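Asks: The structure that follows is given in the form of structure tokens.
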Amino acid sequence: MSTREKSQGDVRRRDFLKLFGAAGAAASTLPLGGSASADEMVAATAGKPLHHVTDVTKSYAGDSGYEFFNVNESAFVEAAVDTLIPSDSTGPGAKELGVAIYIDRQMAGGYGKGDRLYLEGPFGEGTPEQGYQLPTTPSELIRAGIADFSAYVQKNHNSTFDGLSEKDRAAIMTELDGKKVELPTVPTATFFGLLLQLTIEGYFADPMYGGNKDRAAWKMIGFPGADAMYMDKIEPFRNKAYTADPKGIQDLI
């Protein structure tokens, strides 16, 4: 890859992260109780940055224990988020920022259990504007999708997804995104859309929810975090550049 191509790739990634991060990071500092609306489930396939987090009673920052995923599932999720947002010269990757833990906490909590999701049917195939059209909860969808996709990889590549090379993982994930992989028990687009949306959320969420370790994603895009009071900074920094490390919710408690 030439220097110019590498530079253009970095710019594209930076623009992508700013697109989702600038709007999503501000929302992700707010602890919204319960679960997402049905519209949020399919929004990922339309590229709309929406937010949902479960109730949080303690910090998960630095906690590497999985509450929902088993060993095989957690290995898949770690490889998947690393493939969707890899580490490069622009910034850190999703795996190293703990995004897999964020997703695990969402699936273990009220959002994953569908606490505020309408699941009574009918379950006909609808348009993206009609929202989530499945009888399964988000956690059931993710678990079934992982099983389906893992079986596909095993059959066609004789390997687990996390056992593949970075190049092969990216190629297969691209096939999933392009609906070239037919999953037997869950809609391919819905599964991939939810996985991508959760990855983006975890990358930019407040660290107390498990991802965005050390507020690294906020630092990368210049987002100040949850500290929204700047009255005491006006005079000291009048006509001067104001720079400061971003703060999470727990930094202000």
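Chain labels follow the order of the structure tokens: the first chain is A, the next B, and so on; residue numbering restarts at 1 in every chain, and ligands are counted from 1 in their shown order.
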For Gly124 of chain A, find every residue with an atom within 12 Å (counting only C-alpha atoms), except residues of its own chain fewer than 6 positions away, and show them as a count of residues only.
Replies: 6
Asks: Skip Lys179 of chain A itself and residues of its chain fewer than 3 positions away, then list as a ChimeraX atom specification all residues within 8 Å of it, counting only C-alpha atoms.
Replies: /A:175-176,182,188-189
Asks: Work out how far atom CA of Phe69 of chain A is from atom CA of Gly121 of chain A, in Å to one decimal.
Replies: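 Taking atom CA of Gly121 of chain A and atom CA of Phe69 of chain A, their separation equals 27.3 Å.
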Asks: Go ahead and compute the interatomic distance for atom CA of Tyr152 of chain A and atom CA of Val181 of chain A, in Å to one decimal.
Replies: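 A separation of 8.0 Å between them.
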Asks: Need to verify the contact set: segment 212-220 of chain A, 9 Å, only C-alpha atoms, exclusion of same-chain residues closer than 3 positions in sequence. Can you return it as number ranges by chain?
Replies: A: 17, 21-22, 25, 61-62, 90-92, 94, 96-99, 102, 202-209, 223-225, 245-248
Asks: Please report, as an NGL selection string, each residue of segment 103-173 of chain A to which DSSP assigns helix (DSSP H, G or I) when run on this structure's backbone.
Replies: :A and (103-108 or 128-130 or 138-157 or 161-163 or 166-173)
Asks: Any idea what the distance is between atom CA of Ser89 of chain A and atom CA of Asp251 of chain A?
Replies: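 For atom CA of Ser89 of chain A relative to atom CA of Asp251 of chain A, the distance reads 28.0 Å.
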Asks: Excluding Ile85 of chain A and any residue of its chain fewer than 2 positions from it, enumerate the residues within 9 Å of it, using only C-alpha atoms, and give them as a ChimeraX atom specification.
Replies: /A:13,80-83,87,92-95,199-200,203
Asks: For the residues in the current selection, export C-alpha atoms as a PDB file, in the first residue's frame.
Replies:
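Below is the file that was written, part-v7.pdb:
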ATOM      1  CA  ARG A  13     -11.575   6.000   9.036  1.00  0.00           C
ATOM      2  CA  ALA A  80     -15.763  -9.208  15.513  1.00  0.00           C
ATOM      3  CA  VAL A  81     -15.345  -5.800  17.157  1.00  0.00           C
ATOM      4  CA  ASP A  82     -11.626  -5.897  16.349  1.00  0.00           C
ATOM      5  CA  THR A  83     -12.558  -6.471  12.705  1.00  0.00           C
ATOM      6  CA  SER A  87      -6.419  -0.370  15.604  1.00  0.00           C
ATOM      7  CA  PRO A  92      -7.110   2.414  19.032  1.00  0.00           C
ATOM      8  CA  GLY A  93      -9.282  -0.515  18.026  1.00  0.00           C
ATOM      9  CA  ALA A  94     -12.573  -1.583  19.577  1.00  0.00           C
ATOM     10  CA  LYS A  95     -11.161  -4.718  21.186  1.00  0.00           C
ATOM     11  CA  THR A 199     -19.718  -1.859  18.482  1.00  0.00           C
ATOM     12  CA  ILE A 200     -19.990   1.830  17.619  1.00  0.00           C
ATOM     13  CA  TYR A 203     -16.464   2.511  21.300  1.00  0.00           C
TER      14      TYR A 203
END
Asks: Of the residues A:Tyr242, A:Phe191, A:Tyr66, A:Phe76, which is the one nearest to Ser159 of chain A, using only C-alpha atoms?
Replies: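 Answer, going by the shortest atom-to-atom distance: A:Phe76.
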Asks: What lies within 6 Å of Asp148 of chain A using only C-alpha atoms, ignoring chain neighbours under 3 positions off, as a list in words?
Replies: Gly145, Ala151 and Leu183 of chain A
Asks: Using N, CA and C atoms, can you write the selected residues to a file as an mmCIF file, in the first residue's frame?
Replies:
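The new file result-v6.cif reads:
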data_model
loop_
_atom_site.group_PDB
_atom_site.id
_atom_site.type_symbol
_atom_site.label_atom_id
_atom_site.label_comp_id
_atom_site.auth_asym_id
_atom_site.auth_seq_id
_atom_site.Cartn_x
_atom_site.Cartn_y
_atom_site.Cartn_z
ATOM 1 N N GLY A 145 -27.422 -15.427 16.239
ATOM 2 C CA GLY A 145 -26.637 -14.960 15.102
ATOM 3 C C GLY A 145 -25.186 -15.407 15.190
ATOM 4 N N ALA A 151 -21.117 -21.291 12.632
ATOM 5 C CA ALA A 151 -21.298 -22.539 11.891
ATOM 6 C C ALA A 151 -20.940 -22.347 10.424
ATOM 7 N N LEU A 183 -27.977 -16.581 7.017
ATOM 8 C CA LEU A 183 -28.047 -17.199 8.334
ATOM 9 C C LEU A 183 -29.382 -17.935 8.477
#
Asks: Kindly indicate which residue among A:Leu119, A:Val77, A:Ile101, A:Met107 lies nearest to Phe149 of chain A, using only C-alpha atoms for the distances.
Replies: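 So, comparing all the options, the nearest one is A:Val77.
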